[in-house]
Amino acid sequence: MAIDFNLNTTLQPYLREMIKKLPNGAKLVMQSLSKQDWNKEDLSLNSQVRRGELNFAVCWLEALGLARYISSGRQKLYTLTPLGRLAYEEFNTEFHELKEERD
């Protein structure tokens, strides 16, 4: 059963604003997941997000319904949801706009 998301509704401006407000870690994780599914260790390395920050980043994406994990044996594989794939295509620019880090 496929879910068809229509971004020509109030969903589009909502997602755009939420994606703009995502922390950099979540955007970097999203960029990595757009290429392939990853286990936690490889996702951390590929996205260049520290393990401690990775849980925080993934929680943001899961809360928005953009990413989820699937169990594969003893490990979790993180993947984009159908909405996550559509959102990444539609809001690609926003996912690549990183905020300047403050010290």
# chains A, B, ... in the order shown; residues from 1 in each chain; ligands from 1
call {"tool": "residues_around", "arguments": {"residues": "A:Thr79", "least_positions_apart": "3", "cutoff": "12 Å", "atoms": "only C-alpha atoms", "output": "list of chain:residue names"}}
result
A:Val29, A:Met30, A:Gln31, A:Ser32, A:Leu33, A:Ser34, A:Lys35, A:Gln36, A:Asp37, A:Trp38, A:Asn39, A:Lys40, A:Leu43, A:Val58, A:Leu61, A:Glu62, A:Gly65, A:Leu66, A:Ala67, A:Arg68, A:Tyr69, A:Ile70, A:Ser71, A:Ser72, A:Lys76, A:Pro82, A:Leu83, A:Gly84, A:Arg85
call {"tool": "select_by_dssp", "arguments": {"residues": "stretch 25-85 of chain A", "states": "helix (DSSP H, G or I)", "output": "PyMOL selection string"}}
result
chain A and resi 25-33+40-47+51-63+82-85
call {"tool": "write_last_selection", "arguments": {"atoms": "N, CA, C and O atoms", "output": "CSV table (one decimal), in the first residue's frame"}}
result
chain,number,residue,atom,x,y,z
A,25,GLY,N,23.0,18.7,12.2
A,25,GLY,CA,23.2,17.3,12.3
A,25,GLY,C,22.1,16.5,11.6
A,25,GLY,O,22.3,15.6,10.8
A,26,ALA,N,20.9,17.0,11.8
A,26,ALA,CA,19.7,16.3,11.1
A,26,ALA,C,19.8,16.5,9.6
A,26,ALA,O,19.5,15.6,8.8
A,27,LYS,N,20.2,17.6,9.1
A,27,LYS,CA,20.3,17.9,7.7
A,27,LYS,C,21.4,17.0,7.1
A,27,LYS,O,21.3,16.5,6.0
A,28,LEU,N,22.6,16.9,7.8
A,28,LEU,CA,23.7,16.0,7.3
A,28,LEU,C,23.2,14.5,7.3
A,28,LEU,O,23.6,13.8,6.3
A,29,VAL,N,22.5,14.1,8.3
A,29,VAL,CA,22.0,12.7,8.3
A,29,VAL,C,21.0,12.5,7.1
A,29,VAL,O,21.1,11.5,6.4
A,30,MET,N,20.2,13.5,6.9
A,30,MET,CA,19.2,13.4,5.8
A,30,MET,C,20.0,13.3,4.4
A,30,MET,O,19.6,12.5,3.6
A,31,GLN,N,21.0,14.1,4.3
A,31,GLN,CA,21.8,14.0,3.0
A,31,GLN,C,22.4,12.6,2.8
A,31,GLN,O,22.4,12.0,1.7
A,32,SER,N,22.9,12.0,3.9
A,32,SER,CA,23.5,10.6,3.8
A,32,SER,C,22.4,9.6,3.5
A,32,SER,O,22.6,8.7,2.7
A,33,LEU,N,21.3,9.7,4.2
A,33,LEU,CA,20.2,8.7,4.0
A,33,LEU,C,19.6,8.9,2.6
A,33,LEU,O,19.0,7.9,2.1
A,40,LYS,N,23.9,2.5,12.3
A,40,LYS,CA,24.2,3.7,13.1
A,40,LYS,C,25.7,4.1,13.0
A,40,LYS,O,26.0,5.3,12.8
A,41,GLU,N,26.6,3.1,13.1
A,41,GLU,CA,28.0,3.5,13.0
A,41,GLU,C,28.4,4.1,11.7
A,41,GLU,O,29.1,5.1,11.6
A,42,ASP,N,28.0,3.5,10.6
A,42,ASP,CA,28.3,4.0,9.2
A,42,ASP,C,27.6,5.3,8.9
A,42,ASP,O,28.1,6.2,8.3
A,43,LEU,N,26.4,5.5,9.5
A,43,LEU,CA,25.6,6.7,9.3
A,43,LEU,C,26.4,7.9,10.0
A,43,LEU,O,26.5,8.9,9.4
A,44,SER,N,26.9,7.6,11.2
A,44,SER,CA,27.7,8.6,11.9
A,44,SER,C,28.9,9.0,11.1
A,44,SER,O,29.2,10.2,10.9
A,45,LEU,N,29.6,8.0,10.6
A,45,LEU,CA,30.9,8.3,9.8
A,45,LEU,C,30.6,9.0,8.5
A,45,LEU,O,31.2,10.0,8.1
A,46,ASN,N,29.5,8.5,7.7
A,46,ASN,CA,29.2,9.1,6.4
A,46,ASN,C,28.7,10.5,6.5
A,46,ASN,O,29.0,11.3,5.7
A,47,SER,N,27.8,10.7,7.5
A,47,SER,CA,27.2,12.1,7.7
A,47,SER,C,28.1,13.0,8.4
A,47,SER,O,27.9,14.2,8.4
A,51,ARG,N,28.6,10.4,17.2
A,51,ARG,CA,27.6,9.5,17.7
A,51,ARG,C,26.7,10.1,18.8
A,51,ARG,O,25.5,9.8,18.8
A,52,GLY,N,27.2,10.9,19.6
A,52,GLY,CA,26.4,11.5,20.7
A,52,GLY,C,25.3,12.4,20.1
A,52,GLY,O,24.2,12.5,20.6
A,53,GLU,N,25.6,13.1,19.0
A,53,GLU,CA,24.7,14.0,18.4
A,53,GLU,C,23.8,13.3,17.4
A,53,GLU,O,22.7,13.8,17.0
A,54,LEU,N,24.2,12.1,17.0
A,54,LEU,CA,23.4,11.3,16.0
A,54,LEU,C,22.0,11.0,16.5
A,54,LEU,O,21.0,11.1,15.7
A,55,ASN,N,21.9,10.5,17.7
A,55,ASN,CA,20.6,10.2,18.3
A,55,ASN,C,19.7,11.4,18.2
A,55,ASN,O,18.5,11.2,17.9
A,56,PHE,N,20.2,12.5,18.6
A,56,PHE,CA,19.4,13.8,18.6
A,56,PHE,C,18.9,14.1,17.2
A,56,PHE,O,17.8,14.4,16.9
A,57,ALA,N,19.8,14.0,16.2
A,57,ALA,CA,19.5,14.3,14.8
A,57,ALA,C,18.5,13.3,14.3
A,57,ALA,O,17.5,13.7,13.6
A,58,VAL,N,18.6,12.0,14.5
A,58,VAL,CA,17.7,11.0,14.0
A,58,VAL,C,16.3,11.3,14.7
A,58,VAL,O,15.3,11.1,14.0
A,59,CYS,N,16.3,11.6,15.9
A,59,CYS,CA,15.0,11.9,16.6
A,59,CYS,C,14.2,13.0,15.9
A,59,CYS,O,13.0,12.9,15.7
A,60,TRP,N,14.9,14.0,15.4
A,60,TRP,CA,14.2,15.1,14.7
A,60,TRP,C,13.6,14.6,13.4
A,60,TRP,O,12.4,14.8,13.1
A,61,LEU,N,14.3,13.8,12.7
A,61,LEU,CA,13.8,13.2,11.4
A,61,LEU,C,12.7,12.2,11.6
A,61,LEU,O,11.7,12.2,10.9
A,62,GLU,N,12.8,11.4,12.7
A,62,GLU,CA,11.7,10.5,13.0
A,62,GLU,C,10.4,11.2,13.4
A,62,GLU,O,9.3,10.8,13.0
A,63,ALA,N,10.6,12.3,14.2
A,63,ALA,CA,9.4,13.0,14.6
A,63,ALA,C,8.7,13.7,13.5
A,63,ALA,O,7.4,13.8,13.5
A,82,PRO,N,8.8,7.1,2.7
A,82,PRO,CA,8.4,7.7,1.5
A,82,PRO,C,8.2,9.2,1.5
A,82,PRO,O,8.6,9.9,0.6
A,83,LEU,N,7.7,9.7,2.7
A,83,LEU,CA,7.6,11.2,2.8
A,83,LEU,C,9.0,11.8,2.8
A,83,LEU,O,9.2,12.9,2.3
A,84,GLY,N,10.0,11.1,3.5
A,84,GLY,CA,11.3,11.6,3.6
A,84,GLY,C,12.0,11.7,2.2
A,84,GLY,O,12.7,12.7,1.9
A,85,ARG,N,11.7,10.7,1.3
A,85,ARG,CA,12.3,10.8,0.0
A,85,ARG,C,11.7,11.9,-0.8
A,85,ARG,O,12.4,12.7,-1.5
call {"tool": "select_by_dssp", "arguments": {"residues": "stretch 39-95 of chain A", "states": "strand (DSSP E or B)", "output": "ChimeraX atom specification"}}
result
/A:39,67-72,75-80
call {"tool": "write_last_selection", "arguments": {"atoms": "N, CA, C and O atoms", "output": "PDB file, in the first residue's frame"}}
result
ATOM      1  N   ASN A  39      23.644   1.626   8.807  1.00  0.00           N
ATOM      2  CA  ASN A  39      23.564   1.289  10.217  1.00  0.00           C
ATOM      3  C   ASN A  39      24.091   2.501  10.990  1.00  0.00           C
ATOM      4  O   ASN A  39      24.629   3.437  10.404  1.00  0.00           O
ATOM      5  N   ALA A  67      12.342   9.881   8.463  1.00  0.00           N
ATOM      6  CA  ALA A  67      13.261   8.743   8.551  1.00  0.00           C
ATOM      7  C   ALA A  67      12.741   7.764   9.593  1.00  0.00           C
ATOM      8  O   ALA A  67      11.933   8.120  10.455  1.00  0.00           O
ATOM      9  N   ARG A  68      13.205   6.525   9.490  1.00  0.00           N
ATOM     10  CA  ARG A  68      12.849   5.487  10.450  1.00  0.00           C
ATOM     11  C   ARG A  68      13.960   4.457  10.442  1.00  0.00           C
ATOM     12  O   ARG A  68      14.868   4.522   9.621  1.00  0.00           O
ATOM     13  N   TYR A  69      13.869   3.519  11.356  1.00  0.00           N
ATOM     14  CA  TYR A  69      14.844   2.431  11.338  1.00  0.00           C
ATOM     15  C   TYR A  69      14.109   1.115  11.143  1.00  0.00           C
ATOM     16  O   TYR A  69      12.941   0.977  11.489  1.00  0.00           O
ATOM     17  N   ILE A  70      14.821   0.199  10.538  1.00  0.00           N
ATOM     18  CA  ILE A  70      14.313  -1.158  10.383  1.00  0.00           C
ATOM     19  C   ILE A  70      15.325  -2.090  11.029  1.00  0.00           C
ATOM     20  O   ILE A  70      16.531  -1.854  10.930  1.00  0.00           O
ATOM     21  N   SER A  71      14.840  -3.100  11.711  1.00  0.00           N
ATOM     22  CA  SER A  71      15.750  -4.047  12.346  1.00  0.00           C
ATOM     23  C   SER A  71      16.250  -5.040  11.317  1.00  0.00           C
ATOM     24  O   SER A  71      15.479  -5.590  10.546  1.00  0.00           O
ATOM     25  N   SER A  72      17.556  -5.218  11.305  1.00  0.00           N
ATOM     26  CA  SER A  72      18.184  -6.176  10.405  1.00  0.00           C
ATOM     27  C   SER A  72      19.106  -7.035  11.261  1.00  0.00           C
ATOM     28  O   SER A  72      20.250  -6.647  11.520  1.00  0.00           O
ATOM     29  N   GLN A  75      21.239  -5.391  14.307  1.00  0.00           N
ATOM     30  CA  GLN A  75      21.477  -3.957  14.148  1.00  0.00           C
ATOM     31  C   GLN A  75      20.276  -3.258  13.524  1.00  0.00           C
ATOM     32  O   GLN A  75      19.401  -3.883  12.958  1.00  0.00           O
ATOM     33  N   LYS A  76      20.274  -1.943  13.685  1.00  0.00           N
ATOM     34  CA  LYS A  76      19.229  -1.119  13.095  1.00  0.00           C
ATOM     35  C   LYS A  76      19.770  -0.506  11.813  1.00  0.00           C
ATOM     36  O   LYS A  76      20.894  -0.010  11.780  1.00  0.00           O
ATOM     37  N   LEU A  77      18.962  -0.529  10.770  1.00  0.00           N
ATOM     38  CA  LEU A  77      19.296   0.184   9.542  1.00  0.00           C
ATOM     39  C   LEU A  77      18.388   1.398   9.464  1.00  0.00           C
ATOM     40  O   LEU A  77      17.165   1.268   9.555  1.00  0.00           O
ATOM     41  N   TYR A  78      18.979   2.562   9.306  1.00  0.00           N
ATOM     42  CA  TYR A  78      18.205   3.785   9.175  1.00  0.00           C
ATOM     43  C   TYR A  78      17.920   4.041   7.703  1.00  0.00           C
ATOM     44  O   TYR A  78      18.785   3.860   6.847  1.00  0.00           O
ATOM     45  N   THR A  79      16.696   4.470   7.417  1.00  0.00           N
ATOM     46  CA  THR A  79      16.254   4.673   6.040  1.00  0.00           C
ATOM     47  C   THR A  79      15.289   5.851   5.980  1.00  0.00           C
ATOM     48  O   THR A  79      14.709   6.237   7.005  1.00  0.00           O
ATOM     49  N   LEU A  80      15.122   6.414   4.805  1.00  0.00           N
ATOM     50  CA  LEU A  80      14.124   7.462   4.615  1.00  0.00           C
ATOM     51  C   LEU A  80      12.758   6.822   4.407  1.00  0.00           C
ATOM     52  O   LEU A  80      12.648   5.762   3.797  1.00  0.00           O
TER      53      LEU A  80
END
